[in-house]
>>> print(open('input23.cif').read())   # mmCIF, C-alpha atoms and all ligand atoms
data_input
loop_
_atom_site.label_atom_id
_atom_site.label_comp_id
_atom_site.auth_asym_id
_atom_site.auth_seq_id
_atom_site.Cartn_x
_atom_site.Cartn_y
_atom_site.Cartn_z
CA MET A 1444 -21.49 0.03 25.13
CA SER A 1445 -20.20 -2.52 27.66
CA ARG A 1446 -16.52 -3.45 27.65
CA SER A 1447 -17.21 -7.05 26.53
CA LYS A 1448 -19.26 -5.82 23.54
CA LEU A 1449 -16.48 -3.40 22.63
CA VAL A 1450 -13.87 -6.15 22.84
CA ASN A 1451 -16.05 -8.45 20.70
CA LYS A 1452 -16.60 -5.72 18.12
CA ASN A 1453 -12.88 -4.91 17.91
CA ALA A 1454 -12.05 -8.62 17.62
CA ARG A 1455 -14.49 -8.89 14.68
CA VAL A 1456 -12.95 -5.84 12.97
CA THR A 1457 -9.44 -7.28 13.47
CA ALA A 1458 -10.57 -10.65 12.13
CA SER A 1459 -12.15 -9.13 9.04
CA ILE A 1460 -9.15 -6.92 8.15
CA ASN A 1461 -6.86 -9.92 8.60
CA ASP A 1462 -9.16 -11.99 6.37
CA LEU A 1463 -9.19 -9.23 3.73
CA MET A 1464 -5.42 -8.78 3.76
CA GLN A 1465 -4.83 -12.54 3.70
CA ARG A 1466 -7.07 -12.89 0.62
CA LEU A 1467 -5.08 -10.13 -1.11
CA ASN A 1468 -1.84 -11.79 -0.04
CA ASP A 1469 -3.03 -15.09 -1.58
CA LEU A 1470 -4.05 -13.28 -4.74
CA TYR A 1471 -0.80 -11.32 -5.12
CA PRO A 1472 1.82 -13.43 -3.26
CA ASP A 1473 4.92 -11.64 -4.52
CA PRO A 1474 3.82 -8.13 -5.44
CA LYS A 1475 6.34 -5.74 -6.96
CA THR A 1476 6.30 -2.35 -8.56
CA GLU A 1477 5.67 -2.50 -12.30
CA LEU A 1478 8.39 0.12 -12.82
CA VAL A 1479 11.59 -1.41 -14.21
CA TYR A 1480 14.81 -0.61 -12.29
CA ASN A 1481 18.16 -2.13 -11.32
CA THR A 1482 19.31 0.25 -8.57
CA PRO A 1483 17.65 2.41 -5.88
CA PHE A 1484 18.74 5.51 -7.81
CA GLN A 1485 17.01 4.28 -10.96
CA LEU A 1486 13.80 3.58 -9.02
CA LEU A 1487 13.88 7.10 -7.60
CA VAL A 1488 14.22 8.56 -11.10
CA SER A 1489 11.39 6.37 -12.43
CA VAL A 1490 9.04 7.23 -9.58
CA ILE A 1491 9.67 10.95 -10.18
CA LEU A 1492 8.96 10.42 -13.89
CA SER A 1493 5.81 8.37 -13.24
CA ALA A 1494 3.82 11.25 -11.72
CA GLN A 1495 0.68 11.63 -13.89
CA ALA A 1496 2.16 9.17 -16.41
CA THR A 1497 1.86 5.41 -16.90
CA ASP A 1498 4.49 2.95 -15.71
CA VAL A 1499 4.56 1.59 -19.28
CA SER A 1500 5.56 4.97 -20.73
CA VAL A 1501 8.30 5.41 -18.09
CA ASN A 1502 9.66 1.89 -18.66
CA LYS A 1503 9.70 2.39 -22.43
CA ALA A 1504 11.82 5.53 -22.11
CA MET A 1505 14.11 4.40 -19.28
CA GLU A 1506 14.72 0.67 -19.73
CA PRO A 1507 17.31 1.12 -22.53
CA LEU A 1508 19.24 3.58 -20.34
CA TYR A 1509 18.96 1.41 -17.22
CA CYS A 1510 20.31 -1.59 -19.15
CA LYS A 1511 23.47 0.45 -19.69
CA GLY A 1512 23.71 1.14 -15.93
CA LEU A 1513 22.44 4.74 -15.85
CA GLY A 1514 23.54 6.48 -12.64
CA CYS A 1515 23.59 9.94 -11.10
CA ASP A 1516 26.85 10.99 -12.82
CA ASP A 1517 25.56 9.88 -16.23
CA ILE A 1518 22.54 12.17 -15.97
CA LEU A 1519 24.70 15.06 -14.76
CA ASP A 1520 27.08 14.48 -17.70
CA MET A 1521 24.15 14.44 -20.13
CA GLY A 1522 22.72 17.72 -18.89
CA GLU A 1523 19.08 18.75 -18.90
CA ASN A 1524 18.48 19.00 -22.66
CA GLN A 1525 19.90 15.60 -23.51
CA PHE A 1526 18.05 13.96 -20.63
CA LEU A 1527 14.85 15.69 -21.74
CA ALA A 1528 15.31 14.21 -25.23
CA HIS A 1529 15.30 10.71 -23.69
CA ILE A 1530 12.11 11.28 -21.68
CA LYS A 1531 10.15 13.50 -24.08
CA SER A 1532 7.46 10.85 -24.62
CA ILE A 1533 6.54 11.01 -20.90
CA GLY A 1534 3.96 13.57 -19.70
CA LEU A 1535 5.27 16.81 -18.17
CA ALA A 1536 8.76 15.94 -19.45
CA PRO A 1537 10.35 19.46 -19.26
CA THR A 1538 9.45 19.93 -15.57
CA LYS A 1539 10.49 16.38 -14.73
CA ALA A 1540 13.85 16.76 -16.53
CA LYS A 1541 14.53 19.91 -14.49
CA ASN A 1542 13.62 18.13 -11.25
CA VAL A 1543 15.70 15.03 -12.00
CA LEU A 1544 18.77 17.14 -12.84
CA ALA A 1545 18.33 19.21 -9.65
CA THR A 1546 17.86 16.01 -7.63
CA CYS A 1547 21.03 14.52 -9.14
CA ARG A 1548 23.03 17.62 -8.17
CA ILE A 1549 21.84 17.32 -4.54
CA LEU A 1550 22.48 13.57 -4.44
CA LYS A 1551 26.01 14.16 -5.73
CA GLU A 1552 26.77 16.99 -3.31
CA LYS A 1553 25.09 15.68 -0.14
CA TYR A 1554 24.75 11.90 -0.51
CA ALA A 1555 27.75 10.77 -2.62
CA GLY A 1556 25.37 9.88 -5.45
CA LEU A 1557 23.27 7.54 -3.26
CA ILE A 1558 19.67 8.11 -2.21
CA PRO A 1559 18.74 9.25 1.31
CA SER A 1560 17.06 6.70 3.57
CA THR A 1561 14.86 9.11 5.53
CA ARG A 1562 11.52 10.69 4.62
CA ALA A 1563 12.90 14.17 5.36
CA GLY A 1564 15.93 13.58 3.12
CA LEU A 1565 13.81 12.20 0.28
CA GLU A 1566 11.16 14.92 0.49
CA SER A 1567 13.89 17.59 0.31
CA LEU A 1568 14.64 16.47 -3.27
CA PRO A 1569 12.99 18.35 -6.18
CA GLY A 1570 10.08 16.37 -7.65
CA VAL A 1571 9.81 14.12 -4.58
CA GLY A 1572 6.62 14.51 -2.55
CA ARG A 1573 5.12 12.40 0.21
CA LYS A 1574 3.84 9.68 -2.13
CA THR A 1575 7.18 9.27 -3.95
CA ALA A 1576 9.06 9.18 -0.64
CA SER A 1577 6.66 6.50 0.67
CA VAL A 1578 7.22 4.37 -2.43
CA ILE A 1579 11.01 4.55 -2.00
CA LEU A 1580 10.89 3.94 1.77
CA GLY A 1581 8.67 0.89 1.24
CA GLU A 1582 10.28 -0.56 -1.87
CA ILE A 1583 13.97 0.03 -1.08
CA PHE A 1584 14.13 0.34 2.71
CA LYS A 1585 11.17 -2.00 3.51
CA GLU A 1586 9.63 0.52 5.90
CA PRO A 1587 5.98 -0.09 6.87
CA THR A 1588 4.62 2.68 4.63
CA ILE A 1589 1.64 2.89 2.31
CA ALA A 1590 1.82 5.34 -0.60
CA VAL A 1591 -1.70 6.46 -1.50
CA ASP A 1592 -2.22 6.87 -5.23
CA THR A 1593 -5.51 6.90 -7.13
CA HIS A 1594 -5.85 3.06 -7.09
CA VAL A 1595 -5.03 2.71 -3.38
CA PHE A 1596 -7.46 5.52 -2.53
CA ARG A 1597 -10.33 4.08 -4.61
CA VAL A 1598 -9.96 0.39 -3.76
CA THR A 1599 -9.54 0.90 -0.01
CA GLN A 1600 -12.53 3.27 0.01
CA ARG A 1601 -14.72 0.71 -1.78
CA LEU A 1602 -13.55 -1.94 0.68
CA GLY A 1603 -14.71 0.28 3.54
CA LEU A 1604 -11.24 0.86 5.02
CA HIS A 1605 -11.64 4.65 5.05
CA LYS A 1606 -14.05 7.50 4.37
CA GLU A 1607 -11.38 10.17 3.90
CA THR A 1608 -11.13 12.73 1.11
CA THR A 1609 -7.37 13.40 1.02
CA PRO A 1610 -4.37 11.12 0.41
CA VAL A 1611 -2.65 12.15 3.66
CA LYS A 1612 -5.70 11.40 5.84
CA THR A 1613 -6.25 8.16 3.94
CA GLU A 1614 -2.65 7.12 4.57
CA GLU A 1615 -3.03 7.84 8.31
CA GLN A 1616 -6.23 5.79 8.50
CA LEU A 1617 -4.81 2.86 6.49
CA LEU A 1618 -1.70 2.74 8.67
CA LYS A 1619 -4.03 2.44 11.69
CA VAL A 1620 -6.15 -0.42 10.36
CA ILE A 1621 -3.78 -2.54 8.24
CA PRO A 1622 -1.73 -5.00 10.31
CA SER A 1623 1.98 -4.15 10.04
CA THR A 1624 2.76 -7.68 8.84
CA PHE A 1625 1.14 -6.71 5.52
CA LEU A 1626 3.18 -3.52 5.13
CA PRO A 1627 4.70 -2.25 2.92
CA LYS A 1628 3.37 -4.73 0.35
CA ALA A 1629 -0.29 -3.73 0.96
CA HIS A 1630 0.45 -0.76 -1.32
CA HIS A 1631 1.02 -3.18 -4.22
CA PHE A 1632 -2.03 -5.30 -3.33
CA PHE A 1633 -4.37 -2.34 -3.82
CA ILE A 1634 -2.62 -1.03 -6.93
CA LEU A 1635 -2.68 -4.44 -8.64
CA HIS A 1636 -6.28 -5.08 -7.59
CA GLY A 1637 -7.27 -1.61 -8.81
CA ARG A 1638 -5.62 -2.12 -12.19
CA ARG A 1639 -6.83 -5.67 -12.80
CA VAL A 1640 -10.17 -6.06 -11.01
CA CYS A 1641 -11.49 -3.10 -9.04
CA LYS A 1642 -11.24 -0.76 -12.02
CA ALA A 1643 -12.20 2.91 -11.75
CA GLN A 1644 -15.07 3.00 -14.25
CA LYS A 1645 -16.40 -0.53 -13.99
CA PRO A 1646 -15.21 -2.78 -11.15
CA LEU A 1647 -15.30 -6.47 -12.09
CA CYS A 1648 -17.15 -7.51 -8.92
CA ASN A 1649 -18.41 -10.79 -10.40
CA ARG A 1650 -14.76 -11.92 -10.79
CA CYS A 1651 -13.51 -10.46 -7.49
CA THR A 1652 -12.45 -12.83 -4.72
CA LEU A 1653 -13.21 -10.07 -2.18
CA ARG A 1654 -16.88 -9.71 -3.16
CA THR A 1655 -18.24 -11.66 -0.18
CA ILE A 1656 -16.61 -9.24 2.26
CA CYS A 1657 -16.70 -6.01 0.21
CA PRO A 1658 -19.41 -3.49 1.19
CA SER A 1659 -19.38 -2.02 -2.34
CA ALA A 1660 -19.71 -5.30 -4.27
CA GLU A 1661 -22.16 -5.01 -7.16
CA GLN A 1662 -24.55 -7.95 -7.39
S1 LIG B 1 -16.13 -6.54 -4.91
FE1 LIG B 1 -16.13 -4.96 -6.52
S2 LIG B 1 -15.94 -3.00 -5.45
FE2 LIG B 1 -15.34 -4.62 -4.00
S3 LIG B 1 -13.10 -4.79 -4.21
FE3 LIG B 1 -14.01 -6.31 -5.58
S4 LIG B 1 -14.18 -5.26 -7.56
FE4 LIG B 1 -13.87 -3.67 -5.99
#
>>> encode(input="input23.cif", output="structure tokens")
Amino acid sequence: MSRSKLVNKNARVTASINDLMQRLNDLYPDPKTELVYNTPFQLLVSVILSAQATDVSVNKAMEPLYCKGLGCDDILDMGENQFLAHIKSIGLAPTKAKNVLATCRILKEKYAGLIPSTRAGLESLPGVGRKTASVILGEIFKEPTIAVDTHVFRVTQRLGLHKETTPVKTEEQLLKVIPSTFLPKAHHFFILHGRRVCKAQKPLCNRCTLRTICPSAEQ
């Protein structure tokens, strides 16, 4: 392929990803996590609790505690059993209660009750994996991350942004193609679009504003 053709092709790809991201930006101008929280610590706890559970179930259990200003010391004072009683309606509650208590002990000992601002620090906490760390780095520290959950994986695949099979590879590919000006909020674009329009079982292509540029649009 000649250099001019390559340049033209890359320019088209850049134009189309910018067009796609701009349409999502217009659709979701002020995207936010649907998890309720008042402090970075509370968001960390909620993201740990939200693994394989709905945001609604986490909010229902935690909002009353967050309204009272729940912090690291409060959970340590409660102890594991009492904390478990508060979160028992959330899936995998016993394991999550253990992890949150262990995380609180580390935060107290190493970070004066605050949350670490680095990926390594976050991923050293029990119950915090790559996806949780990416959510915190994006949401609290505004780093250009993209946490790949089931919605992000599905929607970006249907939009032709990747052909990967794992979250880590998908994240690498998305970070290459999505312009940094749309990070970290791109994460929310795809989650909101996946929940409201590009649903897992039956995407609502006839109502989707991306259908004219989506390779998977159903006619
Ligand atoms: S056109 Fe259909 S498949 Fe493509 S993003 Fe929209 S809802 Fe999803």
>>> atom_distance(input="input23.cif", atom1="CA of Gly1522 in chain A", atom2="CA of Val1578 in chain A")
26.3 Å
>>> residues_near_ligand(input="input23.cif", ligand="ligand LIG 1 (chain B)", cutoff="12 Å", atoms="all atoms listed in the file", output="VMD selection string")
chain A and resid 1463 to 1464 1466 to 1467 1594 to 1604 1632 to 1662
>>> atom_distance(input="input23.cif", atom1="CA of Gly1556 in chain A", atom2="CA of Met1505 in chain A")
18.7 Å
>>> residues_around(input="input23.cif", residues="Cys1510 in chain A", least_positions_apart="5", cutoff="12 Å", atoms="all atoms listed in the file", output="list in words")
Val1479, Tyr1480, Asn1481, Thr1482, Gln1485, Asn1502, Lys1503, Ala1504 and Met1505 of chain A
>>> write_last_selection(input="input23.cif", atoms="C-alpha atoms", output="PDB file, keeping the file's coordinate frame")
ATOM      1  CA  VAL A1479      11.590  -1.410 -14.210  1.00  0.00           C
ATOM      2  CA  TYR A1480      14.810  -0.610 -12.290  1.00  0.00           C
ATOM      3  CA  ASN A1481      18.160  -2.130 -11.320  1.00  0.00           C
ATOM      4  CA  THR A1482      19.310   0.250  -8.570  1.00  0.00           C
ATOM      5  CA  GLN A1485      17.010   4.280 -10.960  1.00  0.00           C
ATOM      6  CA  ASN A1502       9.660   1.890 -18.660  1.00  0.00           C
ATOM      7  CA  LYS A1503       9.700   2.390 -22.430  1.00  0.00           C
ATOM      8  CA  ALA A1504      11.820   5.530 -22.110  1.00  0.00           C
ATOM      9  CA  MET A1505      14.110   4.400 -19.280  1.00  0.00           C
TER      10      MET A1505
END
>>> residues_around(input="input23.cif", residues="Ala1496 in chain A", least_positions_apart="4", cutoff="8 Å", atoms="all atoms listed in the file", output="PDB file with C-alpha atoms, in the coordinates of the input")
ATOM      1  CA  LEU A1492       8.960  10.420 -13.890  1.00  0.00           C
ATOM      2  CA  SER A1500       5.560   4.970 -20.730  1.00  0.00           C
ATOM      3  CA  VAL A1501       8.300   5.410 -18.090  1.00  0.00           C
ATOM      4  CA  ILE A1533       6.540  11.010 -20.900  1.00  0.00           C
ATOM      5  CA  GLY A1534       3.960  13.570 -19.700  1.00  0.00           C
TER       6      GLY A1534
END
>>> atom_distance(input="input23.cif", atom1="CA of Gly1572 in chain A", atom2="CA of Lys1531 in chain A")
21.8 Å
>>> closest_residue(input="input23.cif", among="A:Leu1487, A:Pro1507, A:Lys1539, A:Leu1550", to="Leu1519 in chain A", atoms="only C-alpha atoms")
A:Leu1550
>>> residues_around(input="input23.cif", residues="Pro1610 in chain A", least_positions_apart="5", cutoff="9 Å", atoms="only C-alpha atoms", output="number ranges by chain")
A: 1574, 1590-1593, 1596, 1615
>>> decode(input="input23.cif", residues="range 1514-1527 of chain A", atoms="N, CA and C atoms", output="PDB file, in the first residue's frame")
ATOM      1  N   GLY A1514     -17.164   5.755  57.063  1.00  0.00           N
ATOM      2  CA  GLY A1514     -15.749   5.816  56.684  1.00  0.00           C
ATOM      3  C   GLY A1514     -15.032   4.545  57.094  1.00  0.00           C
ATOM      4  N   CYS A1515     -13.735   4.535  56.865  1.00  0.00           N
ATOM      5  CA  CYS A1515     -12.904   3.361  57.134  1.00  0.00           C
ATOM      6  C   CYS A1515     -12.996   2.932  58.615  1.00  0.00           C
ATOM      7  N   ASP A1516     -12.882   3.892  59.530  1.00  0.00           N
ATOM      8  CA  ASP A1516     -12.930   3.566  60.968  1.00  0.00           C
ATOM      9  C   ASP A1516     -14.275   2.970  61.370  1.00  0.00           C
ATOM     10  N   ASP A1517     -15.346   3.469  60.753  1.00  0.00           N
ATOM     11  CA  ASP A1517     -16.681   2.959  61.105  1.00  0.00           C
ATOM     12  C   ASP A1517     -16.799   1.472  60.771  1.00  0.00           C
ATOM     13  N   ILE A1518     -16.262   1.098  59.610  1.00  0.00           N
ATOM     14  CA  ILE A1518     -16.351  -0.318  59.218  1.00  0.00           C
ATOM     15  C   ILE A1518     -15.463  -1.165  60.130  1.00  0.00           C
ATOM     16  N   LEU A1519     -14.287  -0.647  60.480  1.00  0.00           N
ATOM     17  CA  LEU A1519     -13.408  -1.390  61.388  1.00  0.00           C
ATOM     18  C   LEU A1519     -14.067  -1.541  62.758  1.00  0.00           C
ATOM     19  N   ASP A1520     -14.747  -0.477  63.222  1.00  0.00           N
ATOM     20  CA  ASP A1520     -15.446  -0.560  64.520  1.00  0.00           C
ATOM     21  C   ASP A1520     -16.582  -1.582  64.482  1.00  0.00           C
ATOM     22  N   MET A1521     -17.286  -1.625  63.335  1.00  0.00           N
ATOM     23  CA  MET A1521     -18.394  -2.578  63.194  1.00  0.00           C
ATOM     24  C   MET A1521     -17.908  -4.013  63.279  1.00  0.00           C
ATOM     25  N   GLY A1522     -16.797  -4.284  62.609  1.00  0.00           N
ATOM     26  CA  GLY A1522     -16.325  -5.671  62.497  1.00  0.00           C
ATOM     27  C   GLY A1522     -17.028  -6.387  61.354  1.00  0.00           C
ATOM     28  N   GLU A1523     -16.491  -7.560  61.015  1.00  0.00           N
ATOM     29  CA  GLU A1523     -16.953  -8.270  59.821  1.00  0.00           C
ATOM     30  C   GLU A1523     -18.423  -8.696  59.900  1.00  0.00           C
ATOM     31  N   ASN A1524     -18.845  -9.242  61.050  1.00  0.00           N
ATOM     32  CA  ASN A1524     -20.209  -9.777  61.132  1.00  0.00           C
ATOM     33  C   ASN A1524     -21.262  -8.688  61.002  1.00  0.00           C
ATOM     34  N   GLN A1525     -21.019  -7.575  61.671  1.00  0.00           N
ATOM     35  CA  GLN A1525     -22.003  -6.485  61.607  1.00  0.00           C
ATOM     36  C   GLN A1525     -22.044  -5.874  60.200  1.00  0.00           C
ATOM     37  N   PHE A1526     -20.866  -5.750  59.581  1.00  0.00           N
ATOM     38  CA  PHE A1526     -20.842  -5.212  58.217  1.00  0.00           C
ATOM     39  C   PHE A1526     -21.553  -6.178  57.276  1.00  0.00           C
ATOM     40  N   LEU A1527     -21.310  -7.469  57.476  1.00  0.00           N
ATOM     41  CA  LEU A1527     -21.971  -8.484  56.636  1.00  0.00           C
ATOM     42  C   LEU A1527     -23.492  -8.373  56.754  1.00  0.00           C
TER      43      LEU A1527
END
